[in-house]
$ cat work_37.txt   # compact mmCIF, C-alpha atoms
# COMPACT_ATOMS: atom_id res chain seq x y z
CA MET A 58 12.36 10.06 -12.65
CA LYS A 59 15.07 9.74 -9.98
CA MET A 60 13.21 6.83 -8.37
CA GLN A 61 12.96 5.12 -11.78
CA ILE A 62 16.72 5.45 -12.25
CA ALA A 63 17.37 4.15 -8.76
CA THR A 64 14.98 1.25 -9.28
CA ALA A 65 16.60 0.33 -12.60
CA LEU A 66 20.05 0.36 -11.00
CA LEU A 67 18.88 -1.63 -8.01
CA LEU A 68 16.99 -4.18 -10.07
CA SER A 69 19.98 -4.72 -12.35
CA SER A 70 22.07 -5.67 -9.33
CA ILE A 71 19.61 -8.17 -7.84
CA GLY A 72 20.22 -11.83 -8.40
CA GLY A 73 19.19 -13.04 -4.96
CA ILE A 74 19.68 -11.91 -1.42
CA ALA A 75 22.94 -9.99 -1.26
CA ALA A 76 25.27 -10.62 1.64
CA LEU A 77 25.17 -7.88 4.21
CA PRO A 78 28.55 -6.37 5.06
CA SER A 79 30.15 -7.12 8.38
CA ALA A 80 30.75 -4.08 10.54
CA PRO A 81 34.36 -2.92 10.51
CA GLN A 82 35.93 -2.10 13.87
CA ALA A 83 34.72 1.32 14.96
CA SER A 84 37.42 3.98 14.71
CA GLN A 85 35.81 6.10 17.43
CA ASP A 86 34.95 5.63 21.07
CA ILE A 87 31.30 4.59 21.22
CA ALA A 88 30.86 6.57 24.42
CA SER A 89 31.38 9.73 22.36
CA PHE A 90 28.79 8.69 19.77
CA GLU A 91 28.63 11.48 17.23
CA SER A 92 25.56 13.63 16.76
CA GLU A 93 26.00 13.56 12.96
CA ILE A 94 26.62 10.46 10.84
CA ASP A 95 26.91 10.09 7.07
CA MET A 96 25.53 6.86 5.57
CA ALA A 97 26.46 5.56 2.11
CA MET A 98 23.83 3.05 0.98
CA ASP A 99 25.05 -0.02 -0.90
CA GLY A 100 22.47 -0.37 -3.68
CA THR A 101 23.89 -3.78 -4.63
CA SER A 102 22.54 -5.14 -1.32
CA PHE A 103 18.94 -4.09 -2.05
CA PHE A 104 16.47 -6.99 -2.16
CA PHE A 105 12.69 -6.93 -2.22
CA GLU A 106 9.97 -9.52 -2.50
CA GLY A 107 6.62 -9.07 -4.17
CA GLY A 108 4.98 -7.34 -7.08
CA THR A 109 6.43 -4.68 -9.35
CA THR A 110 5.13 -1.67 -11.25
CA GLU A 111 5.11 -1.38 -15.04
CA ASN A 112 8.59 0.15 -14.71
CA GLY A 113 9.88 -2.80 -12.67
CA ALA A 114 9.93 -0.87 -9.39
CA PRO A 115 8.79 -2.53 -6.16
CA ALA A 116 5.02 -2.17 -5.83
CA ASN A 117 3.19 -0.62 -2.90
CA GLY A 118 3.30 -3.01 0.08
CA THR A 119 6.43 -4.94 -0.88
CA PRO A 120 8.98 -5.66 1.87
CA PHE A 121 12.69 -4.98 1.35
CA VAL A 122 16.13 -4.97 3.00
CA VAL A 123 19.24 -2.93 2.17
CA SER A 124 22.54 -2.08 3.89
CA GLY A 125 25.25 0.56 3.88
CA TYR A 126 28.30 2.06 5.57
CA LEU A 127 28.46 4.59 8.39
CA TYR A 128 31.01 7.41 8.29
CA PRO A 129 31.80 10.42 10.48
CA GLY A 130 29.54 13.38 9.81
CA ASP A 131 32.03 15.40 7.74
CA THR A 132 32.72 12.66 5.18
CA PHE A 133 30.22 13.81 2.52
CA GLU A 134 31.31 17.43 3.03
CA THR A 135 34.91 16.39 2.34
CA PHE A 136 34.45 13.85 -0.47
CA GLY A 137 31.03 14.64 -1.96
CA GLU A 138 27.46 13.72 -1.07
CA LEU A 139 27.41 10.70 -3.40
CA SER A 140 30.69 9.23 -2.14
CA GLY A 141 31.26 6.38 0.32
CA VAL A 142 30.60 3.24 -1.73
CA LEU A 143 32.27 1.69 -4.79
CA PRO A 144 30.44 0.14 -7.79
CA ASP A 145 30.94 -3.38 -6.37
CA GLY A 146 29.27 -2.37 -3.09
CA SER A 147 32.43 -2.17 -0.99
CA PRO A 148 33.22 0.93 1.11
CA GLU A 149 35.09 3.68 -0.73
CA PHE A 150 36.91 4.78 2.43
CA PRO A 151 37.36 1.61 4.54
CA ASP A 152 39.66 3.33 7.06
CA LEU A 153 36.95 5.91 7.82
CA VAL A 154 34.04 3.46 8.28
CA ILE A 155 32.70 3.63 11.84
CA GLY A 156 30.01 0.96 11.43
CA THR A 157 27.36 -0.56 9.22
CA TRP A 158 23.70 0.26 8.63
CA VAL A 159 20.88 -2.19 7.85
CA CYS A 160 17.39 -1.08 6.88
CA ARG A 161 14.29 -3.23 6.51
CA GLY A 162 10.80 -2.08 5.73
CA TRP A 163 7.80 -1.89 3.43
CA HIS A 164 6.88 0.35 0.53
CA LEU A 165 4.00 2.72 1.27
CA GLN A 166 3.80 3.74 -2.39
CA ASP A 167 5.20 2.23 -5.56
CA GLY A 168 9.00 2.40 -5.54
CA ASP A 169 9.21 4.76 -8.51
CA VAL A 170 7.56 7.71 -6.73
CA SER A 171 9.57 10.91 -6.37
CA THR A 172 7.79 12.61 -3.47
CA GLY A 173 5.82 11.90 -0.33
CA ARG A 174 5.75 9.06 2.19
CA ALA A 175 7.66 6.26 0.50
CA VAL A 176 8.54 3.55 3.03
CA ALA A 177 8.08 2.54 6.67
CA THR A 178 11.40 1.30 8.05
CA THR A 179 13.46 0.01 10.93
CA GLN A 180 17.14 0.97 10.74
CA ILE A 181 20.00 -0.66 12.65
CA PHE A 182 23.20 1.34 13.23
CA GLU A 183 25.88 -1.23 14.18
CA PHE A 184 29.13 0.12 15.65
CA GLU A 185 31.09 -2.94 16.79
CA SER A 186 32.72 -5.52 14.56
CA GLY A 187 32.77 -9.11 15.75
CA HIS A 188 30.07 -8.67 18.40
CA ALA A 189 26.65 -8.55 16.74
CA GLY A 190 24.38 -6.27 18.70
CA GLY A 191 27.11 -5.17 21.11
CA GLN A 192 26.95 -1.45 20.31
CA MET A 193 23.99 -0.38 18.22
CA VAL A 194 21.13 2.08 17.85
CA ILE A 195 17.70 1.21 16.42
CA THR A 196 15.40 3.77 14.80
CA ASP A 197 11.90 3.51 13.34
CA GLY A 198 9.90 5.82 11.13
CA ILE A 199 8.37 6.87 7.84
CA GLU A 200 10.79 7.94 5.09
CA LEU A 201 10.07 10.47 2.39
CA ALA A 202 11.06 9.95 -1.25
CA ASP A 203 12.18 13.59 -1.55
CA PHE A 204 15.85 14.59 -1.68
CA GLY A 205 16.90 17.41 0.61
CA VAL A 206 13.77 17.26 2.80
CA PRO A 207 14.48 16.24 6.42
CA PHE A 208 12.24 13.83 8.31
CA THR A 209 12.31 12.65 11.93
CA ARG A 210 12.80 9.08 13.15
CA ALA A 211 12.21 7.77 16.67
CA ILE A 212 15.12 6.11 18.45
CA THR A 213 13.47 2.94 19.69
CA GLY A 214 16.42 1.06 21.16
CA GLY A 215 20.11 0.64 21.68
CA SER A 216 22.66 -1.69 23.20
CA GLY A 217 25.96 -1.47 25.02
CA ARG A 218 26.91 2.14 25.75
CA LEU A 219 24.20 3.30 23.32
CA THR A 220 21.25 2.32 25.52
CA SER A 221 18.76 5.02 26.45
CA VAL A 222 20.26 5.23 29.95
CA ASP A 223 23.79 6.01 28.77
CA ASN A 224 22.80 7.90 25.63
CA PRO A 225 19.48 9.70 26.17
CA ARG A 226 18.78 10.66 22.57
CA THR A 227 15.12 10.16 21.67
CA SER A 228 15.03 11.01 17.97
CA CYS A 229 17.13 11.60 14.89
CA GLU A 230 16.65 13.50 11.68
CA GLN A 231 17.41 11.90 8.32
CA ILE A 232 17.84 13.62 4.97
CA TYR A 233 18.58 12.11 1.54
CA VAL A 234 21.54 14.00 0.04
CA GLY A 235 23.11 14.41 -3.39
CA GLN A 236 19.85 15.02 -5.32
CA GLU A 237 20.27 11.61 -7.00
CA VAL A 238 21.37 8.05 -6.26
CA ASN A 239 25.00 7.04 -5.71
CA ILE A 240 27.01 4.84 -8.09
CA THR A 241 25.31 1.65 -6.79
CA GLY A 242 21.78 3.05 -7.05
CA GLY A 243 21.58 3.66 -3.30
CA PHE A 244 20.35 6.73 -1.44
CA ASN A 245 23.02 8.44 0.67
CA SER A 246 21.76 10.07 3.86
CA GLU A 247 22.90 12.31 6.65
CA PHE A 248 21.63 11.60 10.17
CA PHE A 249 21.48 14.12 12.99
CA PHE A 250 20.93 12.69 16.45
CA ALA A 251 19.33 14.97 19.08
CA ARG A 252 19.64 14.79 22.87
$ encode --input "work_37.txt" --output "structure tokens"
Amino acid sequence: MKMQIATALLLSSIGGIAALPSAPQASQDIASFESEIDMAMDGTSFFFEGGTTENGAPANGTPFVVSGYLYPGDTFETFGELSGVLPDGSPEFPDLVIGTWVCRGWHLQDGDVSTGRAVATTQIFEFESGHAGGQMVITDGIELADFGVPFTRAITGGSGRLTSVDNPRTSCEQIYVGQEVNITGGFNSEFFFAR
């Protein structure tokens, strides 16, 4: 049911490829990259190509792209797990944004599933405004559809002071929070980066 609601919200916002947000200037020193990051997904930026289910959800095998905002790890604890993005897709707390997040991937099941392996994705964590790729982390993995169930992603790359030499993290854990979608139909997540 939650995936059907999310799909309905996402589909209602799609009229073409949404513009991805530009990364605001990071408010933290990248050298002290936090071990926990909160990500508010902007459901208005969701776009997929391909077939749909009877419910209008993306069908198994369809590719997609979506973006969101990165916040310090205590943001959801302070403001609520479904906070971080406004109905129009802009950040709810622009002064707290430490970067942007872009995710691309493919559905491994129909998009209206509520459990199990849902998508295979590459995620880009961008921490520097005005210098695309200057300070970023790349992760890859399989995402679950379940809320509150952690899953592990491999850290497959980085740039600037977030390369594997300067920042030897090898994996991160992601968990969908809030038990439902946010106001834009996006899935908020917490990320925990291990050394």
$ axis_aligned_box --input "work_37.txt" --around "segment 142-146 of chain A" --padding-each-side "5 Å" --output "AutoDock Vina command-line options"
--center_x 30.8 --center_y -0.1 --center_z -4.8 --size_x 13.0 --size_y 16.6 --size_z 16.1
$ atom_distance --input "work_37.txt" --atom1 "atom CA of Gly141 of chain A" --atom2 "atom CA of Gly168 of chain A"
23.4 Å
$ closest_residue --input "work_37.txt" --among "A:Val206, A:Ala211, A:Leu127, A:Ala116" --to "Gln236 of chain A" --atoms "all atoms listed in the file"
A:Val206
$ closest_residue --input "work_37.txt" --among "A:Glu200, A:Glu138, A:Glu237, A:Asp152" --to "Ala97 of chain A" --atoms "all atoms listed in the file"
A:Glu138
$ atom_distance --input "work_37.txt" --atom1 "atom CA of Gly217 of chain A" --atom2 "atom CA of Phe182 of chain A"
12.4 Å
$ closest_residue --input "work_37.txt" --among "A:Gly113, A:Gly205, A:Pro120, A:Gly156" --to "Glu185 of chain A" --atoms "all atoms listed in the file"
A:Gly156
$ residues_around --input "work_37.txt" --residues "Glu134 of chain A" --least-positions-apart "4" --cutoff "12 Å" --atoms "all atoms listed in the file" --output "JSON, numbers by chain"
{"A": [93, 94, 95, 128, 129, 130, 138, 139, 140, 141, 234, 235, 247]}
$ write_last_selection --input "work_37.txt" --atoms "C-alpha atoms" --output "JSON list (two decimals), in the frame of the given file"
[["chain", "number", "residue", "atom", "x", "y", "z"],
["A", 93, "GLU", "CA", 26.00, 13.56, 12.96],
["A", 94, "ILE", "CA", 26.62, 10.46, 10.84],
["A", 95, "ASP", "CA", 26.91, 10.09, 7.07],
["A", 128, "TYR", "CA", 31.01, 7.41, 8.29],
["A", 129, "PRO", "CA", 31.80, 10.42, 10.48],
["A", 130, "GLY", "CA", 29.54, 13.38, 9.81],
["A", 138, "GLU", "CA", 27.46, 13.72, -1.07],
["A", 139, "LEU", "CA", 27.41, 10.70, -3.40],
["A", 140, "SER", "CA", 30.69, 9.23, -2.14],
["A", 141, "GLY", "CA", 31.26, 6.38, 0.32],
["A", 234, "VAL", "CA", 21.54, 14.00, 0.04],
["A", 235, "GLY", "CA", 23.11, 14.41, -3.39],
["A", 247, "GLU", "CA", 22.90, 12.31, 6.65]]
$ residues_around --input "work_37.txt" --residues "Ile199 of chain A" --least-positions-apart "2" --cutoff "9 Å" --atoms "all atoms listed in the file" --output "PyMOL selection string"
chain A and resi 165+174-178+197+201+208-210
$ atom_distance --input "work_37.txt" --atom1 "atom CA of Phe121 of chain A" --atom2 "atom CA of Ala189 of chain A"
21.1 Å
$ residues_around --input "work_37.txt" --residues "Val122 of chain A" --least-positions-apart "3" --cutoff "10 Å" --atoms "all atoms listed in the file" --output "list in words"
Ile74, Ala75, Leu77, Ser102, Phe103, Phe104, Phe105, Glu106, Val159, Cys160, Arg161, Gly162, Trp163, Thr178, Thr179 and Gln180 of chain A
$ residues_around --input "work_37.txt" --residues "Asp99 of chain A" --least-positions-apart "4" --cutoff "7 Å" --atoms "all atoms listed in the file" --output "list in words"
Ser124, Gly125, Val142, Gly146, Thr241 and Gly243 of chain A
$ closest_residue --input "work_37.txt" --among "A:Ile232, A:Leu219, A:Met96, A:Val170" --to "Thr157 of chain A" --atoms "all atoms listed in the file"
A:Met96
$ build_atoms --input "work_37.txt" --residues "segment 98-110 of chain A" --atoms "N, CA and C atoms" --output "mmCIF file, in the frame of the given file"
data_model
loop_
_atom_site.group_PDB
_atom_site.id
_atom_site.type_symbol
_atom_site.label_atom_id
_atom_site.label_comp_id
_atom_site.auth_asym_id
_atom_site.auth_seq_id
_atom_site.Cartn_x
_atom_site.Cartn_y
_atom_site.Cartn_z
ATOM 1 N N MET A 98 24.604 4.263 1.227
ATOM 2 C CA MET A 98 23.830 3.050 0.980
ATOM 3 C C MET A 98 24.466 2.219 -0.131
ATOM 4 N N ASP A 99 24.553 0.924 0.101
ATOM 5 C CA ASP A 99 25.050 -0.020 -0.900
ATOM 6 C C ASP A 99 23.858 -0.559 -1.688
ATOM 7 N N GLY A 100 23.607 0.042 -2.852
ATOM 8 C CA GLY A 100 22.470 -0.370 -3.680
ATOM 9 C C GLY A 100 22.557 -1.804 -4.160
ATOM 10 N N THR A 101 23.778 -2.389 -4.185
ATOM 11 C CA THR A 101 23.890 -3.780 -4.630
ATOM 12 C C THR A 101 23.318 -4.749 -3.602
ATOM 13 N N SER A 102 23.084 -4.271 -2.368
ATOM 14 C CA SER A 102 22.540 -5.140 -1.320
ATOM 15 C C SER A 102 21.018 -5.070 -1.238
ATOM 16 N N PHE A 103 20.389 -4.255 -2.093
ATOM 17 C CA PHE A 103 18.940 -4.090 -2.050
ATOM 18 C C PHE A 103 18.235 -5.354 -2.547
ATOM 19 N N PHE A 104 17.277 -5.825 -1.772
ATOM 20 C CA PHE A 104 16.470 -6.990 -2.160
ATOM 21 C C PHE A 104 15.048 -6.740 -1.725
ATOM 22 N N PHE A 105 14.094 -7.033 -2.600
ATOM 23 C CA PHE A 105 12.690 -6.930 -2.220
ATOM 24 C C PHE A 105 11.952 -8.149 -2.706
ATOM 25 N N GLU A 106 10.784 -8.362 -2.130
ATOM 26 C CA GLU A 106 9.970 -9.520 -2.500
ATOM 27 C C GLU A 106 8.550 -9.057 -2.746
ATOM 28 N N GLY A 107 8.000 -9.441 -3.889
ATOM 29 C CA GLY A 107 6.620 -9.070 -4.170
ATOM 30 C C GLY A 107 6.469 -8.508 -5.560
ATOM 31 N N GLY A 108 5.328 -7.854 -5.774
ATOM 32 C CA GLY A 108 4.980 -7.340 -7.080
ATOM 33 C C GLY A 108 5.810 -6.135 -7.502
ATOM 34 N N THR A 109 5.729 -5.832 -8.792
ATOM 35 C CA THR A 109 6.430 -4.680 -9.350
ATOM 36 C C THR A 109 5.463 -3.818 -10.153
ATOM 37 N N THR A 110 5.892 -2.584 -10.412
ATOM 38 C CA THR A 110 5.130 -1.670 -11.250
ATOM 39 C C THR A 110 5.446 -1.967 -12.715
#
